[in-house]
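The block underneath contains the structure these notes are about, expressed in structure tokens.
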Amino acid sequence: MIERTLFSPEHQAFRDSFRRFMAAEIAPHHAAWEVQGFVDKQVWTKAGALGFLCMTQPEAYGGFDADKLYSIIQMEELSAAGFSGMGYGLHTEIVAPYILHYGTEAQKQHFLPAMATGAMVGAIAMTEPAAGSDLQGIKTTAMVQADGSYVLNGSKTFITNGWHSDVVIVVAKTNPTAGAKGTSLFLLEAGVQGFTKGKPLNKLGLKAQDTCELFFDNVRLPATALLGGTDMLNKGFVCLMEQLPWERLQIAIGAVAAAQAAIGWTLDYVKQRQVFGQAVAAFQHTRFTLAELQTEVQIAQVFVDKCTELLLQDKLDTATASMAKYWCTDLQCKVMDVCVQLHGGNGFMWEYPITRAYADARVQRIYGGTNEIMKEVITRSMGLGGKA
């Protein structure tokens with residue numbers, strides 16, 4: 001295998017520490033969380049107390065000024081362990097960076113330290129029942145009032161961390177006639193009158209992740225709830241486009257880690273499982289199949305690591321991130337399907353990690369922009385255009 005050179009000894013020490021946290025605080029409970037449809041809220045405050053949330057934020061806002069490799073380690077370890085209920089990545093590397101990059105100083109001071117301790121759980125609400133990858137098609141509105149406040153109306157769906165959310169970045173139209181140029185972002189806190197949450201959704205996979213619907217019925221928001229203040233009015237779509245490459249790379253990172261873990265589980269299984277008087281691993285078909293999967297996952301890992309290097313240099317472009325997201329998640333689903341087959345009937349049993357990983361993998365090709373949209377982004381970078 002090609003040696004990975006991204007991580008320093010300090011990074012590895014962090015990986016070891018986070019593995020111990022997972023073993024103590026997540027592993028004993030994750031199966032029960034899958035049944036109830038969400039993780040216990042205390043696993044957020046425990047993570048915050050140990051410095052496992054918002055590590056990459058500045059110290060002034062409760063973080064450690066750590067590089068993104070620390071967050072990537074978390075993503076890899078959670079994905080490899082199959083702990084899909086944990087929304088730490090979205091909280092730390094999507095929601096918090098929006099506030100850091102675009103928020104006012106008052107907004108940063110109010111939200112980021114609380115997010116770093118786990119006292120506040122963050123979510124971002126983009127998707128609607130009739131608008132997924134096409135963010136320009138959202139219907140939720142936030143209309144300005146005479147006193148400078150806004151009234152928010154609409155709904156969102158498939159919102160990760162939605163059930164536990166204490167602060168939600170809501171994507172809304174502030175000028176519905178202006179298309180993408182009339183979109184703004186708002187910071188909405190739980191408990192505000194008119195803001196309600198649906199029950200956690202019953203999904204194919206990601207059973208422990210508290211995904212839910214959010215509803216806004218004449219929610220009155222002060223002018224200070226507009227992310228970035230008045231200077232950012234109607235500039236929300238630009239912010240979304242700027243952050244999507246990192247979001248899509250995060251999906252690819254998790255995809256490769258999960259695929260590698262699936263190969264590991266399957267190797268252990270085929271060595272032990274006896275068929276026709278010999279281990280399943282003794283059959284040439286099994287060996288060749290696993291060799292093919294391992295080769296493809298190794299290729300994916302090298303590509304993702306290169307994308308990570310570009311990210312750290314602020315050179316990762318949208319098309320390359322889209323390539324990583326689409327190809328790695330397609331590969332993840334392929335690996336899971338083949339590994340389920342090699343498990344035989346046991347691959348269909350929920351108590352086996354490969355079964356849960358198979359169910360968890362499917363949505364990876366949908367969220368963060370469907371893989372079909374990723375191909376459109378790539379073709380446009382090639383000068384091919386298109387209307388979709």
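Residue numbering restarts at 1 for every chain of the structure tokens, chains are lettered A, B, ... in their displayed order, and ligands are numbered from 1 as they appear.
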
TODO: Find the spatial neighbours of A:Gly62, counting only C-alpha atoms, within a cut-off of 7 Å - ignore same-chain residues fewer than 3 positions away - and output them as a list in words.
DONE: Gln57, Pro58, Glu59, Leu112, Pro113 and Ala116 of chain A

Preceding selection exported with N, CA and C atoms as a compact mmCIF listing (two decimals), in the first residue's frame:
```
# COMPACT_ATOMS: atom_id res chain seq x y z
N GLN A 57 -11.42 26.02 14.67
CA GLN A 57 -11.80 27.41 14.90
C GLN A 57 -10.68 28.13 15.68
N PRO A 58 -10.59 29.45 15.54
CA PRO A 58 -9.58 30.20 16.30
C PRO A 58 -9.78 30.07 17.81
N GLU A 59 -8.72 30.20 18.55
CA GLU A 59 -8.79 30.10 20.01
C GLU A 59 -9.73 31.15 20.58
N LEU A 112 -19.99 30.53 18.25
CA LEU A 112 -18.87 29.62 18.09
C LEU A 112 -18.34 29.03 19.41
N PRO A 113 -18.15 29.81 20.48
CA PRO A 113 -17.69 29.18 21.72
C PRO A 113 -18.68 28.13 22.25
N ALA A 116 -18.27 25.00 20.27
CA ALA A 116 -17.04 24.29 20.60
C ALA A 116 -17.19 23.43 21.85
```

TODO: Find the spatial neighbours of A:Gln274, counting only C-alpha atoms, within a cut-off of 12 Å - ignore same-chain residues fewer than 5 positions away - and output them as a PyMOL selection string.
DONE: chain A and resi 269+279-283+343-344

- [ ] Based on DSSP run over this structure's backbone, return all residues of stretch 111-300 of chain A in strand (DSSP E), as number ranges by chain.
- [x] A: 122-125, 141-144, 150-159, 167-173, 183-189, 195-197, 212-221, 274-275, 278-279

Can I get the selection written as a compact mmCIF listing (two decimals), in the first residue's frame, with C-alpha atoms?
```txt
# COMPACT_ATOMS: atom_id res chain seq x y z
CA GLY A 122 -25.34 23.32 14.67
CA ALA A 123 -27.28 22.43 11.53
CA ILE A 124 -27.72 23.93 8.09
CA ALA A 125 -31.09 23.93 6.33
CA THR A 141 -38.78 33.19 2.31
CA ALA A 142 -37.53 35.75 4.81
CA MET A 143 -39.24 39.02 4.06
CA VAL A 144 -37.97 42.24 5.53
CA TYR A 150 -37.56 39.51 8.93
CA VAL A 151 -40.47 37.08 8.85
CA LEU A 152 -39.45 33.54 7.93
CA ASN A 153 -41.90 31.13 6.29
CA GLY A 154 -41.42 27.72 4.70
CA SER A 155 -40.01 24.31 5.51
CA LYS A 156 -36.86 22.25 5.13
CA THR A 157 -36.31 18.51 5.03
CA PHE A 158 -33.53 15.92 5.48
CA ILE A 159 -31.73 18.21 7.95
CA VAL A 167 -28.71 26.95 15.90
CA VAL A 168 -29.66 26.45 12.27
CA ILE A 169 -28.30 28.30 9.26
CA VAL A 170 -31.43 28.70 7.15
CA VAL A 171 -31.21 29.35 3.42
CA ALA A 172 -34.09 31.63 2.43
CA LYS A 173 -35.18 33.94 -0.35
CA THR A 183 -30.86 34.35 -1.44
CA SER A 184 -29.66 35.05 2.12
CA LEU A 185 -28.56 33.02 5.13
CA PHE A 186 -30.07 33.38 8.60
CA LEU A 187 -29.05 32.19 12.06
CA LEU A 188 -32.11 30.71 13.72
CA GLU A 189 -32.03 29.54 17.33
CA PHE A 195 -40.05 27.37 14.61
CA THR A 196 -40.91 23.67 15.04
CA LYS A 197 -39.11 20.40 14.35
CA CYS A 212 -35.66 15.69 10.52
CA GLU A 213 -37.92 18.28 8.94
CA LEU A 214 -37.99 21.91 10.08
CA PHE A 215 -41.01 24.20 9.82
CA PHE A 216 -41.14 28.01 9.88
CA ASP A 217 -44.51 29.65 10.47
CA ASN A 218 -44.21 33.44 10.58
CA VAL A 219 -40.97 33.23 12.54
CA ARG A 220 -39.94 36.74 13.51
CA LEU A 221 -36.16 37.23 13.21
CA GLN A 274 -16.21 -22.37 5.45
CA VAL A 275 -17.91 -23.45 2.20
CA GLN A 278 -12.64 -24.70 2.63
CA ALA A 279 -12.58 -21.04 3.54
```

Which polymer residues have any atom within 8 Å of an atom of A:Ile378, counting only C-alpha atoms, with same-chain residues fewer than 4 positions away left out, as a PDB file with C-alpha atoms, in the first residue's frame?
```pdb
ATOM      1  CA  ALA A 319     -14.820  20.546 -10.472  1.00  0.00           C
ATOM      2  CA  THR A 320     -12.105  18.496  -8.769  1.00  0.00           C
ATOM      3  CA  SER A 322     -17.098  17.176  -7.598  1.00  0.00           C
ATOM      4  CA  MET A 323     -14.977  14.449  -9.182  1.00  0.00           C
ATOM      5  CA  MET A 374     -21.471  16.496 -10.022  1.00  0.00           C
ATOM      6  CA  MET A 382     -14.556  21.115 -19.617  1.00  0.00           C
TER       7      MET A 382
END
```

TODO: Give the answer as one residue: which of A:Gly82, A:Gly179, A:Gly48, A:Pro28 has the shortest atom-to-atom distance to A:Tyr352, using only C-alpha atoms?
DONE: A:Gly82

Residues at most 9 Å from A:His11, counting only C-alpha atoms, excluding those fewer than 3 positions away in the same chain, as a CSV table (one decimal) with C-alpha atoms, in the first residue's frame?
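Writing done, so here's result_0.csv:
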```
chain,number,residue,atom,x,y,z
A,7,PHE,CA,-0.4,13.2,9.0
A,8,SER,CA,2.2,14.1,11.6
A,14,PHE,CA,-5.1,12.8,18.1
A,15,ARG,CA,-6.4,9.8,16.1
A,16,ASP,CA,-5.5,7.5,18.9
A,69,LEU,CA,-6.5,17.3,9.1
A,70,TYR,CA,-7.7,16.9,12.7
A,73,ILE,CA,-9.2,12.2,11.1
```

Open item on the list: Calculated over only C-alpha atoms, which of the candidates A:Tyr367, A:Tyr326, A:Phe52, A:Phe38 has the smallest distance to A:Arg20?
Closed with: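 Selected residue with least distance to A:Arg20: A:Phe52.
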
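Of note, atom CA of A:Leu50 and atom CA of A:His29 are spaced 18.5 Å apart.
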